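To keep things clear, I will list the structure first and then write my remarks on it.
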Amino acid sequence: MMLFNLLLLLFIGLVNADFSFSPRVYPSPQGGRSTADADWEEAYEKARAFVSDLSLIEKVNLTSGIGGFGVCVGNTRDLPNRNMWGLCLQDGPLGIRTTDYNTAFPAGISAAATFNRDLIYDRGMAIGREFRDKGVDIALGPAIGPIGLKALGGRIWEAMGADPYLQGIAGAETVKGMQDAGVIANAKHFLVNEQETDRLKVSSNVGDRALHEIYAWPFADLVHVGVGSVMCSYNKLNESFGCENSYMMNQILKDELGFQGFVVSDWGATHSGVNAITSGLDMDMPGTAGMLQSQSYFGANTTISVLNGTLPMERLDDMATRIMAAFYKVNLDQIREQRGPPNFSQQTQNDTDYLYPPVEMGPMVTVNQHVDVRTDEAYRVAYETAAEAVVLLKNRNNTLPLDGKKVKKLAMFGKAGFPNDFGPGCGSVAGCQPEQQRGASAMGFGSGAATLPYFITPFEALNERARREKTMVDYSLGLNTSDPSFSVPAQISHANVIFAMSYAGEGEDRENYTLWYDVDKTIEAACKLNKNNIVVVTSPGPVDMEKWIDNPNVTAVLFTTPGGQDAGQALADVIYGDQNPSGRLPFTIAKDTKDYVPLSTSKNSTSPQDDEPEKVDLLLDYRYFDQKNITPRYEFGFGLSYSNFSLSNLHIVTLENPSEHLPDPPQWKEPYHSNDTSVSATDALFPSNIKRIPGFLYPYINSTSQADKKGSYPFPPEYSTKQKSKPSPAGGASGGNPALWKVAYNVNATVTNNGDRAGKYVAQLYIGYPASDKFPSPPKQLRGFDKVELEPNQSTEVSFNILTRDLSVWDSVTSSWIVQRGDYHIYVGSSSRNLELHSTIRI
Ligand code: NOJ
């Protein structure tokens with residue numbers, strides 16, 4: 001029987017040793033069939049009632065973008081007969097983009113570096129409120145992919161660290177906060193979108209186990225807390241584009257992870273109509289087919305496909321129902337009634353604009369009401385996140401915090417701390433392009449950037465703080481270190497602060513790990529002149545510090561990821577000790593840059609293959625360094641404090657020993673069948689009372705003959721419209737089989753602050769799985785963290801819940817999770833390499 005099952009699975013392509021292609025899985029699981037997701041039930045009831053009344057055209061409108069010229073970055077068409085204006089989708093993960101009077105929060109990577117769940121939730125809530133109050137329905141964040149496989153990846157700062165557990169917890173807290181505020185969150189980018197180079201065509205080739213245990217893992221956390229939407233990615237995944245990959249969307253996302261919301265394409269990532277839709281795509285954005293502004297794979301083509309019988313109406317109903325279920329889940333019906341439509345336009349900063357901007361048609365209408373959505377709470381969260389994200393890497397002889405009584409002369413060097421010649425955002429809605437980045441940065445560039453209401457540079461904040469101490473301040477931005485403007489202050493100051501940076505964004509990976517503006521030379525020169533040099537690095541990802549890190553005259557090093565509007569203030573407060581640093585590295589910093597996973601560059605190929613993910617397999621970030629016994633410069637999870645903490649009393653309580661195999665998942669309800677699926681081509685004709693505006697996309701057909709059946713659609717042999725009767729063994733509820741989410745063990749330990757300052761400490765729990773030939777696993781993996789605040793001499797308990805999923809490996813043979821029998825090593829410590837406490841659990 002086992003053998004038969006294996007052969008069957010091999011046959012249908014679900015087991016695949018090298019996984020060089022993506023198997024096809026149909027049909028797309030219908031939403032709302034879960035019996036274990038009480039929080040979706042009411043939303044589905046309302047959504048079904050709403051959708052059952054809609055015409056074909058209205059359903060198409062809900063699922064298709066209107067093109068690239070709406071007030072939001074993505075828009076669906078109005079449903080005037082339902083008293084519903086179109087849905088507004090807007091970037092991005094660190095705050096609302098292309099508008100004004102909004103907060104520019106620290107980036108996702110910085111939220112992750114705080115390792116502070118409550119603060120991450122608060123950040124999500126504060127972000128969500130601003131989107132809600134600007135009139136956005138679907139906020140395009142958080143980014144929980146890239147996972148951080150490529151240290152040079154241009155967008156790793158948007159996402160939440162090089163570890164699936166960290167991304168999962170940080171992403172889920174963000175989603176909870178955003179959706180509690182009343183906006184649909186969007187988990188992006190699904191999946192293995194690890195580099196910007198060739199992002200529109202590269203195939204990321206990944207093994208099935210890593211796909212589940214590393215890349216899809218954090219998405220399960222977000223689905224578990226009810227995220228309303230997921231964005232499929234530009235890249236191919238095992239040779240099939242993310243937005244038409246049925247294994248990814250139908251099998252993993254909608255079946256195994258039990259996702260009840262809707263999948264929206266990345267902008268222009270849709271490459272087909274029927275193929276994408278039957279593979280699980282529910283909404284196409286912005287609606288245009290690639291760069292062809294007036295054509296769409298969805299829109300009228302969806303209408304035609306339903307009318308000619310290619311696309312079952314039931315699938316279109318499911319798409320519309322999933323969208324509306326997410327809508328009702330976050331109470332958008334009530335919120336929209338109180339708030340009204342979007343009160344801004346991403347097309348212009350002016351108050352008014354043409355009704356149809358691309359063609360300058362229609363009356364001028366007020367588009368930007370300049371609603372101030374900021375709150376004191378948002379500013380608090382932005383500042384505190386920036387402060388708690390600062391990582392102290394080196395602090396010889398307690399150089400930091402600076403004592404204003406001793407440091408009476410302070411000098412600052414390095415462009416990275418000073419105002420940018422081109423302004424903080426370079427006047428662009430996409431932030432500063434690298435060639436304009438000539439100073440301190442608050443964020444990266446691209447769709448993940450937001451307008452800064454202000455930006456406090458490190459120079460501004462330190463200058464102000466030092467002045468209050470009556471400390472003399474000097475600085476030089478000259479790159480010539482023999483110039484007296486550098487050499488004199490560098491020599492006579494009591495402390496030099498040298499700012500170093502690197503920068504990245506959407507569409508452009510970093511070229512190397514080198515710090516910008518030759519700052520290595522500045523640091524080396526300063527070290528020759530002065531014994532007290534503090535280096536501050538701001539970077540989206542790991543950088544090479546090897547030239548100077550061991551120099552004894554580099555007395556302190558601080559590492560910051562993009563910190564938003566208050567980045568400089570937060571830094572100055574840490575430097576002067578108003579804040580005790582408590583950030584932890586959300587990735588590993590290597591000694592040898594060869595130990596990072598390189599970008600895949602095959603510029604001339606039309607179908608570039610990135611096999612690197614498959615080669616790395618499960619060994620993401622610190623897992624690789626651990627497995628290969630390579631000592632990093634600074635390990636994942638590392639960060640110092642101005643206090644000293646100790647850990648003791650590891651204590652494990654067994655709540656429920658997990659079984660080896662998951663119990664059967666909760667059954668699905670019978671598929672839903674709408675009563676009336678009859679449609680008429682005549683009803684879908686372009687109405688004579690509507691004027692066609694160039695540049696906008698419509699759901700209508702021009703002639704009924706477009707609906708005629710012409711030949712047959714080349715469905716693959718696996719294609720089926722018959723809904724499965726039950727979920728996959730791993731599925732059955734939001735986030736997967738509920739048994740995965742059961743708390744199996746509770747782990748406690750005591751933390752004591754032995755220092756003379758109050759401070760925060762991040763206790764980290766790592767698990768090493770049993771040695772196994774069948775499921776070789778990384779030496780250890782993060783499976784818990786708990787941040788606590790302690791006064792001097794105070795002790796407190798840290799506590800971790802180990803869930804069944806935290807002990808599970810993905811078995812491609814049974815397509816499910818397994819908890820192996822054997823000894824599990826439980827480590828609790830201060831970083832991935834400093835694990836003070838150890839015990840084992842025998843299962
Ligand atoms: C492309 C980006 O990849 C995505 O993250 C963003 O949300 C959309 N563009 C919309 O701007």
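If you're wondering about the labels, chains in the structure tokens are A, B, ... by order shown, residues count from 1 in each chain, ligands from 1 in order shown.
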
Using only C-alpha atoms and all ligand atoms, which residues of the polymer chains come no farther than 10 Å from ligand 1? I'd like the answer as a ChimeraX atom specification. /A:72-74,89-93,97,139-143,145,155,158,186-189,193,196,199-200,231-234,264-269,285-286,430,446-448,506-507

Using only C-alpha atoms, which protein or nucleic acid residues come within 10 Å of Pro663 of chain A? Drop anything in the same chain fewer than 4 positions from it, and give the result as an MDAnalysis selection string. chainID A and resid 659 729:730 737:740

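With only C-alpha atoms as the atoms that count, the residue of A:Ala126, A:Val535, A:Val206, A:Ala570 with the shortest distance to Arg374 of chain A is A:Ala126.
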
List as an MDAnalysis selection string the protein and nucleic acid residues near Phe775 of chain A, meaning an atom at most 9 Å away when only C-alpha atoms are counted, but skip any in the same chain fewer than 2 places from it. chainID A and resid 770:773 777 809:811 820

Selected residue, from A:Val554, A:Leu393, A:Ala466, A:Leu79, that lies nearest to Cys527 of chain A when counting only C-alpha atoms: A:Val554
